[in-house]
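*Asks:* Encoded as structure tokens, here's the structure I'll be asking about.
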Amino acid sequence: MQSLIGTGAALITPFNEDLSIDIEALTRIVNFSVDGGIEYLVVLGTTAETATLSSAEKELVIKTVVAANKGRLPLVLGVGGNDTMTLVNELKTKDLTAFEAILSVSPYYNKPTQEGIYQHYKAVAEASPKPVIIYNVPGRTSSNMLPATVIRLANDCKNIVALKEASGDLSQAMEIIKNKPKDFLVISGDDMLALPMIFAGGVGVISVIGQSFPTAFSEMVRLGLNRKVDEAYEIHYRFSDCINMIFEQGNPAGIKEVFKSQGIAENYVRLPLVCVDEDLATRIDSFVAKFDK
């Protein structure tokens, strides 16, 4: 799928002080990402604090993003869970008309075997009317989807078109890239490893930091895809300190502080997450001030 090549922005859900959804800020973020050159938008992923949103709030986020986007960029919707039956029923009934694909995280908390992960995704692929991006993020799920499982799914399920790989293990990503079917896409789920994975044969990144620095970050990814190594890494190292900072005290607390520094959105998060502390906020604010110059 050509639409998944490049930089996808894993959109936050901005909140007002009373922790209601800030519709105006979300609209600004969509426009900022689109105008900055991002290739596609990812709605209701982990970065959106989806676990703390009600069903009505999720629908409000979807409605807001679709309206703000105005058909300019492809949209990907996060639809995941650790109850396969409930997820399958959701996919069979949910209106996915506005979306190019779904992003579905590997089951968390249950800690399934590799066979359990395979059977889960096979059921998801059969139920989904849209192409499926499978998502491996062991730091959140407590289970690692191994390369053999990914390759098996890629070969067996035509509706599974891509992997968002966020294990932090570049050798694992390379094993998948080496053995995958030709048209299966490997997408970095880690901003710091985006370029190494691209140079190994990946097709881009679903990024957290990219939504707040869309022009420079998406250009970095395009340079990487065009094998312009030195130019791409020159931009990467401009970001590297900030990438570390935005994840230092949890996602999306860090990226929300960036948006606050940029005057785009406030930095409110919902419990059990908390805002970054004063020291980290100062360091992030300093980075943003210098970067903008």
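By order in the structure tokens, chains are A, B, ...; within a chain, residues start at 1; ligands start at 1, following the order shown.
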Among region 9-223 of chain A, which ones does DSSP place in strand (DSSP E or B), written as a PyMOL selection string?

*Replies:* chain A and resi 9-10+15+21+40-43+75-78+101-105+132-136+160-165+185-188+204-207

*Asks:* Determine which residues of region 3-185 of chain A DSSP labels as alpha helix (DSSP H) from the backbone of this structure, then write them out as a PyMOL selection string.

*Replies:* chain A and resi 23-36+55-69+84-93+114-127+138-141+147-156+170-179

*Asks:* For Ser20 (chain A), which residue among A:Arg270, A:Lys70, A:Lys228, A:Lys164 is the nearest when counting only C-alpha atoms?

*Replies:*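 For Ser20 (chain A), the nearest of the given residues is A:Arg270.
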
*Asks:* Excluding region 5-7 of chain A and residues on its chain fewer than 3 positions from it, collect all residues at most 6 Å away from it, counting only C-alpha atoms, and give them as a PyMOL selection string.

*Replies:* chain A and resi 2+38-39+203-206+218

*Asks:* Within 9 Å of Asn159 (chain A), counting only C-alpha atoms, which residues show up once you throw out same-chain ones fewer than 4 positions away? Write them as a list in words, please.

*Replies:* Ala125, Glu126, Ser128, Pro129, Lys130, Pro131, Val132, Ile133 and Ala154 of chain A

*Asks:* Which region 125-227 of chain A residues have any atom within 10 Å of an atom of region 41-52 of chain A, and for each, what is the nearest pair of atoms with distance in Å to one decimal, counting only C-alpha atoms, rows sorted by chain and number, as a tab-separated table?

*Replies:*
residue	atom	partner	partner_atom	distance
A:Arg140	CA	A:Thr46	CA	9.5
A:Ile206	CA	A:Val42	CA	7.7
A:Ser207	CA	A:Val42	CA	9.2
A:Val208	CA	A:Thr47	CA	7.3
A:Gln211	CA	A:Leu41	CA	9.0

*Asks:* Just N, CA, C and O atoms for this one: save the residues we selected as a compact mmCIF listing (two decimals), in the first residue's frame.

*Replies:*
# COMPACT_ATOMS: atom_id res chain seq x y z
N ARG A 140 4.66 -2.55 25.97
CA ARG A 140 3.30 -2.29 26.46
C ARG A 140 2.48 -3.56 26.61
O ARG A 140 1.58 -3.64 27.44
N ILE A 206 5.55 5.21 11.98
CA ILE A 206 4.39 5.83 12.61
C ILE A 206 4.95 6.55 13.82
O ILE A 206 5.40 5.93 14.78
N SER A 207 4.94 7.87 13.76
CA SER A 207 5.77 8.70 14.63
C SER A 207 4.97 9.48 15.66
O SER A 207 3.87 9.96 15.38
N VAL A 208 5.58 9.63 16.83
CA VAL A 208 5.04 10.52 17.85
C VAL A 208 5.56 11.94 17.63
O VAL A 208 4.81 12.90 17.51
N GLN A 211 4.45 14.59 14.53
CA GLN A 211 3.29 15.48 14.47
C GLN A 211 3.59 16.88 14.97
O GLN A 211 2.88 17.83 14.64

*Asks:* From the options A:Glu59, A:Tyr109, A:Asn226, A:Thr84, which residue's atoms come nearest to Lys122 (chain A), counting only C-alpha atoms?

*Replies:* A:Thr84

*Asks:* Work out how far apart CA of Ile246 (chain A) and CA of Glu219 (chain A) are and give it in Å to one decimal.

*Replies:*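 Calculated distance between CA of Ile246 (chain A) and CA of Glu219 (chain A) is 20.1 Å.
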
*Asks:* Out of A:Ile209, A:Leu96, A:Ile284, A:Ile235, which residue has the shortest atom-to-atom distance to Asn251 (chain A) when counting only C-alpha atoms?

*Replies:*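 Nearest to Asn251 (chain A): A:Ile209.
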
*Asks:* For Leu77 (chain A), which of A:Phe15, A:Phe184, A:Tyr40, A:Tyr108 is the closest residue, counting only C-alpha atoms?

*Replies:*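 That would be A:Tyr40, the residue with the smallest distance to Leu77 (chain A).
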
*Asks:* Would you pick out the contacts of Pro196 (chain A) at 9 Å or less, using only C-alpha atoms, so that residues sharing its chain but fewer than 4 positions from it are not included, and give the list as number ranges by chain?

*Replies:* A: 170, 192, 200-202, 224

*Asks:* As a list of chain:residue names, please: the residues near Asp156 (chain A) (cut-off 12 Å, only C-alpha atoms, same-chain neighbours under 3 positions excluded).

*Replies:*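 Here the qualifying residues turn out to be A:Tyr118, A:Gln119, A:Tyr121, A:Lys122, A:Ala123, A:Ala125, A:Glu126, A:Thr149, A:Val150, A:Ile151, A:Arg152, A:Leu153, A:Asn159, A:Ile160, A:Val161, A:Lys180, A:Pro181, A:Phe184.
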
*Asks:* Can you work out which one of A:Val66, A:Leu225, A:Ile29, A:Ala173 has the shortest atom-to-atom distance to Ile255 (chain A), counting only C-alpha atoms?

*Replies:*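 Distance minimum relative to Ile255 (chain A) lands on A:Ile29.
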